[in-house]
$ cat work-v1.txt   # compact mmCIF, C-alpha atoms
# COMPACT_ATOMS: atom_id res chain seq x y z
CA MET T 9 244.58 83.16 5.16
CA ALA T 10 241.65 81.89 3.07
CA ALA T 11 242.67 78.28 3.75
CA GLN T 12 242.30 78.91 7.50
CA THR T 13 238.76 80.30 7.26
CA TYR T 14 236.00 78.01 8.49
CA ILE T 15 232.75 77.96 6.56
CA ALA T 16 229.54 77.92 8.59
CA ILE T 17 227.30 74.92 7.89
CA SER T 18 224.48 77.33 7.08
CA GLU T 19 226.57 78.83 4.26
CA LEU T 20 227.84 75.63 2.61
CA HIS T 21 227.27 75.22 -1.14
CA PRO T 22 228.45 72.64 -3.74
CA ASN T 23 230.35 75.38 -5.61
CA PHE T 24 232.75 76.00 -2.71
CA SER T 25 236.35 74.94 -3.35
CA HIS T 26 238.29 73.25 -0.50
CA PRO T 27 235.82 74.04 2.29
CA LYS T 28 236.80 73.65 5.93
CA VAL T 29 234.11 73.04 8.58
CA ALA T 30 234.52 72.95 12.39
CA GLY T 31 231.88 71.61 14.75
CA ILE T 32 230.79 69.20 17.46
CA ILE T 33 229.92 65.55 16.77
CA ILE T 34 226.29 65.04 17.86
CA GLY T 35 225.64 61.64 16.25
CA LYS T 36 227.68 58.75 14.87
CA THR T 37 227.01 55.30 13.37
CA ASP T 38 229.00 52.07 13.41
CA VAL T 39 231.28 51.13 10.52
CA LYS T 40 229.65 49.03 7.79
CA SER T 41 231.13 47.29 4.74
CA PHE T 42 229.82 46.58 1.25
CA PRO T 43 231.20 44.61 -1.72
CA ASP T 44 233.18 46.90 -4.03
CA ARG T 45 231.60 46.74 -7.50
CA LYS T 46 234.76 48.02 -9.17
CA ASN T 47 237.09 45.58 -7.38
CA ILE T 48 235.53 42.13 -7.21
CA GLY T 49 236.32 40.36 -3.94
CA MET T 50 237.11 43.60 -2.13
CA ASP T 51 234.96 45.55 0.33
CA ARG T 52 234.32 49.26 0.75
CA PHE T 53 233.87 50.59 4.27
CA THR T 54 231.73 53.48 5.46
CA PHE T 55 230.26 55.18 8.51
CA GLY T 56 228.31 58.35 9.09
CA PHE T 57 228.24 61.13 11.64
CA THR T 58 226.42 64.41 12.24
CA VAL T 59 228.28 67.62 13.04
CA LYS T 60 226.86 70.85 14.50
CA ASP T 61 228.42 74.32 14.54
CA SER T 62 225.59 76.46 15.94
CA PRO T 63 222.37 76.00 17.90
CA ASP T 64 220.36 75.91 14.65
CA PHE T 65 222.54 74.24 12.00
CA PHE T 66 223.95 70.74 11.64
CA ILE T 67 224.78 68.46 8.72
CA ASN T 68 225.28 64.75 7.99
CA VAL T 69 228.70 63.49 6.92
CA THR T 70 229.48 60.14 5.25
CA ALA T 71 233.02 58.75 5.14
CA TRP T 72 234.10 56.13 2.55
CA GLY T 73 237.34 54.23 2.12
CA ASN T 74 239.25 51.04 2.81
CA ASP T 75 239.14 49.03 6.04
CA GLU T 76 242.20 50.60 7.67
CA TYR T 77 241.26 54.20 6.83
CA ILE T 78 237.60 54.01 7.85
CA ASN T 79 238.07 52.01 11.06
CA GLY T 80 241.01 54.20 12.04
CA LEU T 81 239.01 57.34 11.37
CA SER T 82 235.94 56.06 13.21
CA SER T 83 237.94 55.21 16.33
CA SER T 84 239.65 58.61 16.39
CA PHE T 85 236.64 60.57 17.62
CA SER T 86 233.35 60.10 19.48
CA ILE T 87 230.07 61.90 20.08
CA GLY T 88 230.80 65.14 21.94
CA ASP T 89 234.22 65.71 20.34
CA CYS T 90 235.07 68.80 18.31
CA VAL T 91 236.45 68.13 14.82
CA ILE T 92 237.68 70.00 11.78
CA ILE T 93 236.63 68.59 8.40
CA GLU T 94 238.95 69.66 5.60
CA ASN T 95 238.04 69.49 1.91
CA PRO T 96 234.84 67.41 2.06
CA LEU T 97 232.65 67.13 -1.03
CA VAL T 98 229.47 69.20 -0.58
CA ALA T 99 226.63 67.28 -2.23
CA ASN T 100 222.88 67.65 -2.50
CA LYS T 101 220.78 65.47 -0.22
CA ASP T 102 219.36 62.30 -1.76
CA PRO T 103 216.15 61.58 0.18
CA GLU T 104 215.49 58.41 -1.85
CA LYS T 105 218.80 56.78 -0.91
CA GLY T 106 221.26 57.21 1.92
CA ASP T 107 219.69 60.29 3.49
CA ARG T 108 216.58 58.27 4.31
CA PHE T 109 218.58 56.55 7.05
CA CYS T 110 220.30 59.67 8.44
CA PRO T 111 219.11 62.22 11.00
CA THR T 112 216.92 64.97 9.58
CA THR T 113 219.00 68.15 9.27
CA PRO T 114 218.18 71.79 8.41
CA SER T 115 220.99 71.87 5.82
CA LEU T 116 220.14 71.38 2.14
CA TYR T 117 223.35 69.41 1.68
CA ARG T 118 225.43 66.54 3.00
CA LEU T 119 229.21 66.10 3.20
CA LEU T 120 231.25 63.25 1.74
CA VAL T 121 234.69 62.44 3.19
CA THR T 122 237.18 60.25 1.29
CA GLU T 123 240.72 59.14 2.02
CA ALA T 124 242.14 60.71 -1.15
CA HIS T 125 240.71 64.21 -0.74
CA SER T 126 239.54 64.89 2.80
CA GLN T 127 240.91 65.03 6.32
CA ILE T 128 239.43 65.10 9.86
CA GLY T 129 241.67 66.24 12.75
CA GLU T 130 240.20 66.31 16.27
CA PRO T 131 241.32 69.73 17.61
CA LYS T 132 242.23 68.75 21.15
CA GLN T 133 244.98 71.25 20.48
CA PHE T 134 244.27 74.41 18.52
CA THR T 135 245.85 77.74 17.69
CA THR T 136 244.59 80.80 19.55
CA SER T 137 244.17 84.22 17.91
CA ASP T 138 247.71 85.18 18.98
CA ARG T 139 249.12 81.93 17.45
CA ARG T 140 249.64 80.09 20.73
CA LYS T 141 248.86 76.37 21.04
CA GLY T 142 245.75 75.73 23.11
CA GLN T 143 243.88 72.73 24.53
CA ARG T 144 240.58 71.98 26.26
CA LEU T 145 239.18 69.29 28.56
CA GLU T 146 235.69 68.93 29.98
CA VAL T 147 234.69 66.76 32.96
CA LYS T 148 231.34 66.07 34.58
CA LEU T 149 230.87 66.79 38.28
CA PHE T 150 228.08 65.47 40.51
CA ASP T 151 226.91 65.61 44.11
CA ASP T 152 223.75 64.67 46.00
CA SER T 153 221.81 67.49 44.35
CA VAL T 154 222.72 67.13 40.66
CA SER T 155 223.89 64.17 38.57
CA SER T 156 225.92 66.08 35.99
CA PHE T 157 227.51 69.56 35.95
CA PRO T 158 230.22 70.47 33.39
CA LEU T 159 233.63 71.77 34.42
CA VAL T 160 235.74 73.12 31.54
CA CYS T 161 239.55 73.26 31.78
CA TRP T 162 241.69 75.29 29.37
CA ASP T 163 244.92 75.44 31.36
CA ARG T 164 247.49 72.71 30.70
CA GLU T 165 248.26 72.16 34.41
CA ALA T 166 244.56 71.84 35.31
CA ILE T 167 244.04 69.40 32.43
CA GLN T 168 246.96 67.23 33.54
CA LEU T 169 245.66 67.22 37.12
CA VAL T 170 242.12 66.25 36.17
CA GLN T 171 243.31 63.48 33.84
CA THR T 172 244.95 61.69 36.79
CA LEU T 173 241.76 61.53 38.88
CA ILE T 174 239.67 58.37 39.31
CA PRO T 175 236.05 58.87 38.16
CA LYS T 176 233.36 58.43 40.87
CA GLU T 177 236.07 57.95 43.51
CA THR T 178 237.51 61.47 43.81
CA VAL T 179 236.11 64.45 45.71
CA LEU T 180 237.11 67.92 44.51
CA PHE T 181 236.92 71.23 46.36
CA ILE T 182 236.96 73.89 43.65
CA ALA T 183 237.35 77.50 44.74
CA ASP T 184 236.80 80.57 42.54
CA ALA T 185 235.78 78.80 39.33
CA LYS T 186 234.01 81.00 36.80
CA ILE T 187 230.27 80.19 36.62
CA SER T 188 228.46 81.24 33.47
CA PHE T 189 225.41 80.44 31.34
CA ASP T 190 226.14 78.35 28.24
CA SER T 191 223.55 79.17 25.58
CA PHE T 192 224.51 76.11 23.52
CA ARG T 193 223.75 73.75 26.42
CA ASN T 194 221.01 76.00 27.76
CA GLY T 195 222.47 75.63 31.25
CA MET T 196 225.18 76.74 33.68
CA THR T 197 228.82 75.62 33.43
CA ALA T 198 231.97 76.08 35.51
CA THR T 199 235.31 77.07 33.99
CA VAL T 200 238.77 76.83 35.56
CA ASN T 201 240.67 80.12 35.26
CA SER T 202 243.76 81.77 36.75
CA LYS T 203 241.98 82.40 40.09
CA THR T 204 240.77 78.81 40.52
CA ILE T 205 242.20 76.49 43.18
CA ILE T 206 241.38 72.75 43.03
CA THR T 207 241.92 70.64 46.15
CA VAL T 208 241.75 66.85 45.66
CA ASN T 209 240.08 64.78 48.41
CA PRO T 210 240.07 67.49 51.11
CA ASP T 211 240.07 66.24 54.72
CA THR T 212 236.70 67.63 55.76
CA ARG T 213 233.41 66.16 57.01
CA GLU T 214 231.60 67.43 53.91
CA ALA T 215 234.09 65.66 51.64
CA SER T 216 233.73 62.42 53.63
CA VAL T 217 229.94 62.58 53.35
CA LEU T 218 230.14 63.24 49.61
CA PHE T 219 232.64 60.42 49.05
CA SER T 220 230.38 57.96 50.87
CA TYR T 221 227.39 59.13 48.84
CA ALA T 222 229.31 58.75 45.56
CA LYS T 223 230.44 55.24 46.48
CA GLU T 224 226.97 54.03 47.42
CA ALA T 225 225.31 55.73 44.45
CA SER T 226 227.85 54.24 42.07
CA GLU T 227 227.55 50.71 43.45
CA SER T 228 223.76 50.84 43.52
CA GLY T 229 223.56 52.07 39.93
CA ALA T 230 221.70 55.21 40.99
CA LEU T 231 224.04 57.38 38.94
CA ASP T 232 223.27 55.34 35.85
CA GLN T 233 219.56 55.93 36.36
CA ASP T 234 220.02 59.66 36.97
CA GLU T 235 222.30 60.31 33.99
CA LYS T 236 219.73 61.10 31.35
CA SER T 237 220.34 62.56 27.91
CA GLU T 238 218.45 62.66 24.66
CA ASP T 239 220.63 59.81 23.37
CA GLU T 240 219.55 57.45 26.14
CA THR T 241 215.87 57.09 25.35
CA VAL T 242 214.95 53.60 24.21
CA ASP T 243 213.40 54.92 20.99
CA SER T 244 216.76 56.30 19.88
CA ILE T 245 218.61 52.96 20.26
CA THR T 246 218.81 51.13 16.92
CA ASP T 247 222.14 49.27 16.78
CA VAL T 248 221.76 45.48 17.12
CA TYR T 249 224.55 43.31 18.60
CA THR T 250 225.28 39.73 19.47
CA VAL T 251 226.63 39.14 22.98
CA SER T 252 230.18 38.72 21.66
CA GLN T 253 229.90 41.98 19.72
CA LEU T 254 228.79 43.81 22.88
CA LYS T 255 231.80 42.45 24.74
CA LYS T 256 234.20 43.21 21.90
CA LYS T 257 233.02 46.79 21.51
CA ALA T 258 233.27 47.37 25.27
CA GLN T 259 236.84 46.03 25.33
CA GLU T 260 237.95 48.03 22.30
CA ASN T 261 236.44 51.31 23.50
CA PRO T 262 235.79 51.42 27.27
CA GLU T 263 233.02 54.02 27.16
CA THR T 264 229.30 53.79 27.84
CA PHE T 265 227.23 52.78 24.80
CA PHE T 266 223.75 51.46 24.02
CA GLY T 267 222.41 48.63 21.91
CA ILE T 268 219.80 45.97 21.27
CA THR T 269 220.42 42.25 21.64
CA TYR T 270 218.07 39.38 20.80
CA SER T 271 219.13 36.91 23.48
CA PHE T 272 217.76 34.27 25.82
CA ILE T 273 217.38 35.02 29.51
CA SER T 274 219.50 32.28 31.07
CA LYS T 275 219.34 33.42 34.71
CA LEU T 276 216.35 35.02 36.43
CA ASP T 277 216.09 34.25 40.15
CA LEU T 278 212.50 35.31 40.77
CA ASP T 279 211.94 32.33 43.07
CA SER T 280 214.66 33.43 45.51
CA SER T 281 213.62 34.98 48.80
CA VAL T 282 211.72 38.24 48.39
CA SER T 283 214.53 40.16 50.11
CA LYS T 284 216.88 39.17 47.26
CA VAL T 285 214.41 40.22 44.56
CA ILE T 286 213.03 43.41 46.07
CA ARG T 287 215.32 45.79 47.92
CA THR T 288 214.64 48.93 49.94
CA ARG T 289 217.01 51.89 49.65
CA CYS T 290 217.33 55.31 51.27
CA SER T 291 215.85 57.90 48.93
CA ARG T 292 218.78 60.29 49.51
CA CYS T 293 221.94 58.19 49.37
CA LYS T 294 220.60 54.93 47.80
CA PHE T 295 222.09 52.93 50.68
CA GLN T 296 220.33 49.58 51.12
CA VAL T 297 218.23 49.38 54.29
CA THR T 298 215.79 46.91 55.81
CA GLU T 299 212.10 47.64 55.60
CA ASP T 300 211.56 48.01 59.34
CA VAL T 301 214.13 50.77 59.97
CA HIS T 302 213.07 54.38 60.51
CA SER T 303 216.39 56.03 59.67
CA CYS T 304 219.25 55.50 57.20
CA THR T 305 222.05 53.31 58.59
CA ASN T 306 224.65 55.02 56.40
CA GLN T 307 226.49 57.32 58.84
CA PHE T 308 227.54 59.58 55.95
CA CYS T 309 224.07 59.92 54.42
CA PRO T 310 223.55 63.58 53.38
CA GLY T 311 219.94 63.33 54.57
CA ARG T 312 220.53 62.02 58.10
CA ASP T 313 219.24 65.23 59.67
CA GLU T 314 216.08 65.20 57.55
CA ALA T 315 212.92 63.11 57.65
CA PHE T 316 213.74 59.56 56.52
CA SER T 317 212.23 58.26 53.32
CA ALA T 318 212.89 55.03 51.44
CA THR T 319 211.82 53.39 48.21
CA SER T 320 211.41 49.69 47.38
CA GLY T 321 211.82 48.14 43.96
CA PHE T 322 212.95 45.12 41.99
CA ASP T 323 216.73 44.75 42.09
CA LEU T 324 217.72 41.75 39.97
CA LEU T 325 220.88 40.44 38.31
CA VAL T 326 220.09 38.54 35.11
CA ASP T 327 222.18 36.68 32.51
CA PHE T 328 221.63 36.89 28.74
CA THR T 329 222.83 34.22 26.34
CA ASP T 330 222.90 33.83 22.56
CA HIS T 331 224.86 31.64 20.14
CA THR T 332 228.02 33.72 20.75
CA GLY T 333 228.19 33.74 24.54
CA THR T 334 226.71 34.98 27.82
CA LEU T 335 226.55 38.42 29.36
CA HIS T 336 226.52 37.87 33.13
CA SER T 337 224.97 39.85 35.99
CA CYS T 338 223.10 42.55 34.10
CA THR T 339 221.09 44.92 36.28
CA LEU T 340 217.30 44.80 35.97
CA ARG T 341 215.64 47.28 38.32
CA SER T 342 212.32 49.03 38.80
CA PRO T 343 210.59 50.57 36.93
CA VAL T 344 211.98 48.60 33.96
CA ALA T 345 211.60 45.32 35.85
CA GLU T 346 207.96 46.04 36.68
CA LYS T 347 207.16 46.74 33.04
CA THR T 348 209.05 43.65 31.90
CA LEU T 349 207.39 41.31 34.39
CA GLY T 350 203.98 42.98 34.19
CA CYS T 351 203.88 43.05 37.96
CA THR T 352 204.37 45.65 40.71
CA THR T 353 206.45 44.93 43.81
CA GLU T 354 203.26 44.87 45.91
CA GLU T 355 201.68 42.30 43.58
CA PHE T 356 204.86 40.24 43.53
CA THR T 357 205.05 39.96 47.33
CA SER T 358 201.52 38.55 47.40
CA LEU T 359 202.30 35.74 44.92
CA THR T 360 202.78 32.14 46.04
CA ASP T 361 206.06 30.32 45.40
CA ASP T 362 204.45 28.41 42.53
CA GLN T 363 203.22 31.64 40.94
CA ARG T 364 206.69 33.19 41.15
CA THR T 365 208.19 30.10 39.56
CA ALA T 366 205.60 30.27 36.76
CA MET T 367 206.50 33.92 36.17
CA LYS T 368 210.16 32.98 36.03
CA TRP T 369 209.58 30.33 33.35
CA LYS T 370 207.57 32.76 31.26
CA PHE T 371 210.89 34.46 30.48
CA LEU T 372 213.64 31.94 31.28
CA LEU T 373 215.19 30.42 28.13
CA GLU T 374 212.93 32.58 25.97
CA ARG T 375 214.30 34.82 23.24
CA CYS T 376 213.88 38.45 24.31
CA LYS T 377 214.46 41.83 22.72
CA ILE T 378 216.69 43.62 25.20
CA TYR T 379 217.65 47.29 25.12
CA ILE T 380 220.85 47.52 27.12
CA LYS T 381 223.33 50.09 28.38
CA ILE T 382 226.94 48.84 28.61
CA LEU T 383 229.30 50.54 31.07
CA PRO T 384 232.94 49.93 32.03
CA SER T 385 233.27 48.41 35.52
CA THR T 386 236.24 47.67 37.74
CA LYS T 387 234.09 45.47 39.99
CA THR T 388 233.25 42.73 37.46
CA LYS T 389 235.50 40.00 36.09
CA SER T 390 234.64 40.91 32.51
CA GLY T 391 235.34 44.61 33.09
CA ILE T 392 231.89 45.63 31.87
CA ARG T 393 228.41 45.91 33.33
CA GLY T 394 225.04 45.84 31.63
CA VAL T 395 221.93 47.81 32.66
CA VAL T 396 218.62 46.75 31.12
CA LEU T 397 216.63 49.71 29.78
CA ALA T 398 213.76 47.65 28.33
CA CYS T 399 213.03 43.95 27.87
CA SER T 400 210.19 42.01 26.27
CA LEU T 401 209.60 38.67 24.55
CA ALA T 402 210.88 39.00 20.98
CA ASP T 403 208.81 38.68 17.83
CA PRO T 404 210.12 35.62 15.87
CA GLY T 405 209.93 37.42 12.51
CA GLU T 406 211.88 40.37 13.86
CA VAL T 407 214.51 38.04 15.33
CA LYS T 408 214.95 36.23 12.00
CA GLN T 409 215.37 39.51 10.14
CA HIS T 410 217.97 40.96 12.50
CA MET T 411 219.91 37.75 13.06
CA SER T 412 220.21 37.37 9.29
CA ALA T 413 221.58 40.90 9.06
CA LEU T 414 224.07 40.20 11.86
CA LEU T 415 225.33 37.05 10.10
CA HIS T 416 225.93 39.09 6.96
CA ARG T 417 227.91 41.63 9.00
CA LEU T 418 230.04 38.83 10.38

$ encode --input "work-v1.txt" --output "structure tokens"
Amino acid sequence: MAAQTYIAISELHPNFSHPKVAGIIIGKTDVKSFPDRKNIGMDRFTFGFTVKDSPDFFINVTAWGNDEYINGLSSSFSIGDCVIIENPLVANKDPEKGDRFCPTTPSLYRLLVTEAHSQIGEPKQFTTSDRRKGQRLEVKLFDDSVSSFPLVCWDREAIQLVQTLIPKETVLFIADAKISFDSFRNGMTATVNSKTIITVNPDTREASVLFSYAKEASESGALDQDEKSEDETVDSITDVYTVSQLKKKAQENPETFFGITYSFISKLDLDSSVSKVIRTRCSRCKFQVTEDVHSCTNQFCPGRDEAFSATSGFDLLVDFTDHTGTLHSCTLRSPVAEKTLGCTTEEFTSLTDDQRTAMKWKFLLERCKIYIKILPSTKTKSGIRGVVLACSLADPGEVKQHMSALLHRL
């Protein structure tokens, strides 16, 4: 029985023998390699992650091993997953070395995971108190009033149903789900239970309106702008990539991720017609409209019976290029575009053609520091889409430093 007991992070101590910790991954770094001092010509691989088991306690974990073990382990779980860490080494923090580059944690210790002694199994299946096998799946729901609301499924049939649905293209009518307050998230959640009935794409006017809204919001990128989390702030993005590394990571793991690239802007059509640079959209459904209309032309707009309001902003598609390739058709929208260009939409419309061309050449073929969000996309040839979160002309010294580091990684 003792081997099955989980130790709370708050109670960990170096004297514990064969500890077992369960928690949620709240942070994770990319895999890095270093020359192995004991085996000349060989490399050691490592990556780190942070695991949390209560609202107040979390701890940093570092995994070490060979290429196959570390890359296999890293790809087996992501931020948001629950994991069990068996037999890690509990060590004191070393603020002068590795812990300087890790998140600050309330724990006095850190965990070390090695191939020979430790094991991480992601408990997508687990054993309940009465020794039955269990499983759990969580999905995010959205409508015109909220961009993300969690729905938790414990039942095998519900999980199998939800896994077959197409994200952003499926409308669900969910009756009699359990609604409760989640203290860990500090918000409300829905849970599927034995009373719950889920109807997929119901044939109702409300479902048709919601489907149209989801389609327009998805195509316009409005959902990307509304989906905010603490991990998405520009200040928290530190990983630097070449263009080819961005593409490779997106192909290997088709999930949203963030990064920095020092690339040249190779396409920036500021001297196109104003209507192609600045677009006006309905404030409710994000459907594109012309400036002179007084109502939304989307017949399924959820705000058709309300007073019409619209917003105008930069809506650009830009290309980024470095020595490894080009990332095509990245979205650059207001307010990021206004900060990048140093110009509001009102100021832009008053510029002459020559002034717009001059603004274009201030950035075109110049090395920029670009904070970017990469998303999977079925609408692009490459299968990915980039959204610019921040962009500015790069400092040459900073570029030299990071490009040197990237070459060493390669």

$ atom_distance --input "work-v1.txt" --atom1 "atom CA of Gly56 of chain T" --atom2 "atom CA of Leu145 of chain T"
24.8 Å

$ residues_around --input "work-v1.txt" --residues "Leu159 of chain T" --least-positions-apart "6" --cutoff "6 Å" --atoms "only C-alpha atoms" --output "list in words"
Glu146, Val147, Ala198 and Thr199 of chain T

$ residues_around --input "work-v1.txt" --residues "segment 375-379 of chain T" --least-positions-apart "4" --cutoff "10 Å" --atoms "only C-alpha atoms" --output "ChimeraX atom specification"
/T:241-243,245-248,266-274,328-330,371,394-404,406-407

$ atom_distance --input "work-v1.txt" --atom1 "atom CA of Pro22 of chain T" --atom2 "atom CA of Ala71 of chain T"
17.1 Å

$ atom_distance --input "work-v1.txt" --atom1 "atom CA of Ile33 of chain T" --atom2 "atom CA of Lys255 of chain T"
24.5 Å

$ residues_near_point --input "work-v1.txt" --point "(230.5, 62.1, 23.0)" --cutoff "10 Å" --atoms "only C-alpha atoms" --output "PyMOL selection string"
chain T and resi 32-36+85-90+263-264

$ closest_residue --input "work-v1.txt" --among "T:Ser342, T:Asn74, T:Ser283, T:Gln168" --to "Glu123 of chain T" --atoms "only C-alpha atoms"
T:Asn74

$ closest_residue --input "work-v1.txt" --among "T:Ser84, T:Asn209, T:Met196, T:Cys290" --to "Glu224 of chain T" --atoms "all atoms listed in the file"
T:Cys290

$ residues_around --input "work-v1.txt" --residues "Ser390 of chain T" --least-positions-apart "4" --cutoff "12 Å" --atoms "only C-alpha atoms" --output "PDB file with C-alpha atoms, keeping the file's coordinate frame"
ATOM      1  CA  SER T 252     230.180  38.720  21.660  1.00  0.00           C
ATOM      2  CA  LEU T 254     228.790  43.810  22.880  1.00  0.00           C
ATOM      3  CA  LYS T 255     231.800  42.450  24.740  1.00  0.00           C
ATOM      4  CA  LYS T 256     234.200  43.210  21.900  1.00  0.00           C
ATOM      5  CA  ALA T 258     233.270  47.370  25.270  1.00  0.00           C
ATOM      6  CA  GLN T 259     236.840  46.030  25.330  1.00  0.00           C
ATOM      7  CA  PRO T 262     235.790  51.420  27.270  1.00  0.00           C
ATOM      8  CA  THR T 334     226.710  34.980  27.820  1.00  0.00           C
ATOM      9  CA  LEU T 335     226.550  38.420  29.360  1.00  0.00           C
ATOM     10  CA  HIS T 336     226.520  37.870  33.130  1.00  0.00           C
ATOM     11  CA  SER T 337     224.970  39.850  35.990  1.00  0.00           C
ATOM     12  CA  CYS T 338     223.100  42.550  34.100  1.00  0.00           C
ATOM     13  CA  ILE T 382     226.940  48.840  28.610  1.00  0.00           C
ATOM     14  CA  LEU T 383     229.300  50.540  31.070  1.00  0.00           C
ATOM     15  CA  PRO T 384     232.940  49.930  32.030  1.00  0.00           C
ATOM     16  CA  SER T 385     233.270  48.410  35.520  1.00  0.00           C
ATOM     17  CA  THR T 386     236.240  47.670  37.740  1.00  0.00           C
ATOM     18  CA  GLY T 394     225.040  45.840  31.630  1.00  0.00           C
TER      19      GLY T 394
END

$ residues_near_point --input "work-v1.txt" --point "(229.7, 73.0, 0.2)" --cutoff "8 Å" --atoms "all atoms listed in the file" --output "PDB file with C-alpha atoms, in the frame of the given file"
ATOM      1  CA  GLU T  19     226.570  78.830   4.260  1.00  0.00           C
ATOM      2  CA  LEU T  20     227.840  75.630   2.610  1.00  0.00           C
ATOM      3  CA  HIS T  21     227.270  75.220  -1.140  1.00  0.00           C
ATOM      4  CA  PRO T  22     228.450  72.640  -3.740  1.00  0.00           C
ATOM      5  CA  ASN T  23     230.350  75.380  -5.610  1.00  0.00           C
ATOM      6  CA  PHE T  24     232.750  76.000  -2.710  1.00  0.00           C
ATOM      7  CA  SER T  25     236.350  74.940  -3.350  1.00  0.00           C
ATOM      8  CA  PRO T  27     235.820  74.040   2.290  1.00  0.00           C
ATOM      9  CA  PRO T  96     234.840  67.410   2.060  1.00  0.00           C
ATOM     10  CA  LEU T  97     232.650  67.130  -1.030  1.00  0.00           C
ATOM     11  CA  VAL T  98     229.470  69.200  -0.580  1.00  0.00           C
ATOM     12  CA  ALA T  99     226.630  67.280  -2.230  1.00  0.00           C
ATOM     13  CA  TYR T 117     223.350  69.410   1.680  1.00  0.00           C
ATOM     14  CA  LEU T 119     229.210  66.100   3.200  1.00  0.00           C
TER      15      LEU T 119
END

$ residues_around --input "work-v1.txt" --residues "Thr178 of chain T" --least-positions-apart "6" --cutoff "10 Å" --atoms "only C-alpha atoms" --output "ChimeraX atom specification"
/T:208-210,215,218-219,222-223

$ closest_residue --input "work-v1.txt" --among "T:His302, T:Arg341, T:Lys203, T:Lys257" --to "Ile286 of chain T" --atoms "only C-alpha atoms"
T:Arg341

$ residues_around --input "work-v1.txt" --residues "Val160 of chain T" --least-positions-apart "2" --cutoff "12 Å" --atoms "all atoms listed in the file" --output "list in words"
Gln143, Arg144, Leu145, Glu146, Val147, Lys148, Leu149, Phe157, Pro158, Trp162, Asp163, Arg164, Ala166, Ile167, Val170, Ala185, Lys186, Ile187, Ser188, Asp190, Met196, Thr197, Ala198, Thr199, Val200, Asn201 and Thr204 of chain T

$ closest_residue --input "work-v1.txt" --among "T:Ile78, T:Leu169, T:Ile67, T:Ile92" --to "Lys28 of chain T" --atoms "all atoms listed in the file"
T:Ile92

$ closest_residue --input "work-v1.txt" --among "T:Val91, T:Cys161, T:Leu120, T:Ser82" --to "Val69 of chain T" --atoms "only C-alpha atoms"
T:Leu120

$ decode --input "work-v1.txt" --residues "segment 159-168 of chain T" --atoms "N, CA, C and O atoms" --output "PDB file, in the first residue's frame"
ATOM      1  N   LEU T 159     -15.590  21.693 -20.379  1.00  0.00           N
ATOM      2  CA  LEU T 159     -16.533  20.583 -20.227  1.00  0.00           C
ATOM      3  C   LEU T 159     -15.708  19.340 -19.930  1.00  0.00           C
ATOM      4  O   LEU T 159     -14.850  18.952 -20.730  1.00  0.00           O
ATOM      5  N   VAL T 160     -15.953  18.704 -18.784  1.00  0.00           N
ATOM      6  CA  VAL T 160     -15.178  17.543 -18.352  1.00  0.00           C
ATOM      7  C   VAL T 160     -15.996  16.277 -18.569  1.00  0.00           C
ATOM      8  O   VAL T 160     -17.171  16.204 -18.189  1.00  0.00           O
ATOM      9  N   CYS T 161     -15.378  15.275 -19.207  1.00  0.00           N
ATOM     10  CA  CYS T 161     -16.033  13.996 -19.474  1.00  0.00           C
ATOM     11  C   CYS T 161     -15.289  12.886 -18.732  1.00  0.00           C
ATOM     12  O   CYS T 161     -14.070  12.755 -18.872  1.00  0.00           O
ATOM     13  N   TRP T 162     -16.024  12.091 -17.970  1.00  0.00           N
ATOM     14  CA  TRP T 162     -15.440  10.946 -17.276  1.00  0.00           C
ATOM     15  C   TRP T 162     -15.911   9.620 -17.887  1.00  0.00           C
ATOM     16  O   TRP T 162     -15.244   8.595 -17.771  1.00  0.00           O
ATOM     17  N   ASP T 163     -17.063   9.653 -18.520  1.00  0.00           N
ATOM     18  CA  ASP T 163     -17.660   8.435 -19.056  1.00  0.00           C
ATOM     19  C   ASP T 163     -17.015   8.052 -20.389  1.00  0.00           C
ATOM     20  O   ASP T 163     -16.781   8.891 -21.256  1.00  0.00           O
ATOM     21  N   ARG T 164     -16.729   6.769 -20.559  1.00  0.00           N
ATOM     22  CA  ARG T 164     -16.038   6.294 -21.756  1.00  0.00           C
ATOM     23  C   ARG T 164     -16.806   6.632 -23.037  1.00  0.00           C
ATOM     24  O   ARG T 164     -16.231   7.059 -24.037  1.00  0.00           O
ATOM     25  N   GLU T 165     -18.143   6.438 -23.026  1.00  0.00           N
ATOM     26  CA  GLU T 165     -18.937   6.709 -24.223  1.00  0.00           C
ATOM     27  C   GLU T 165     -18.903   8.198 -24.585  1.00  0.00           C
ATOM     28  O   GLU T 165     -18.790   8.561 -25.755  1.00  0.00           O
ATOM     29  N   ALA T 166     -19.002   9.073 -23.568  1.00  0.00           N
ATOM     30  CA  ALA T 166     -18.952  10.511 -23.828  1.00  0.00           C
ATOM     31  C   ALA T 166     -17.591  10.911 -24.383  1.00  0.00           C
ATOM     32  O   ALA T 166     -17.480  11.738 -25.293  1.00  0.00           O
ATOM     33  N   ILE T 167     -16.534  10.308 -23.837  1.00  0.00           N
ATOM     34  CA  ILE T 167     -15.175  10.607 -24.302  1.00  0.00           C
ATOM     35  C   ILE T 167     -15.014  10.200 -25.769  1.00  0.00           C
ATOM     36  O   ILE T 167     -14.478  10.953 -26.595  1.00  0.00           O
ATOM     37  N   GLN T 168     -15.490   9.011 -26.113  1.00  0.00           N
ATOM     38  CA  GLN T 168     -15.373   8.546 -27.498  1.00  0.00           C
ATOM     39  C   GLN T 168     -16.170   9.428 -28.455  1.00  0.00           C
ATOM     40  O   GLN T 168     -15.733   9.703 -29.574  1.00  0.00           O
TER      41      GLN T 168
END
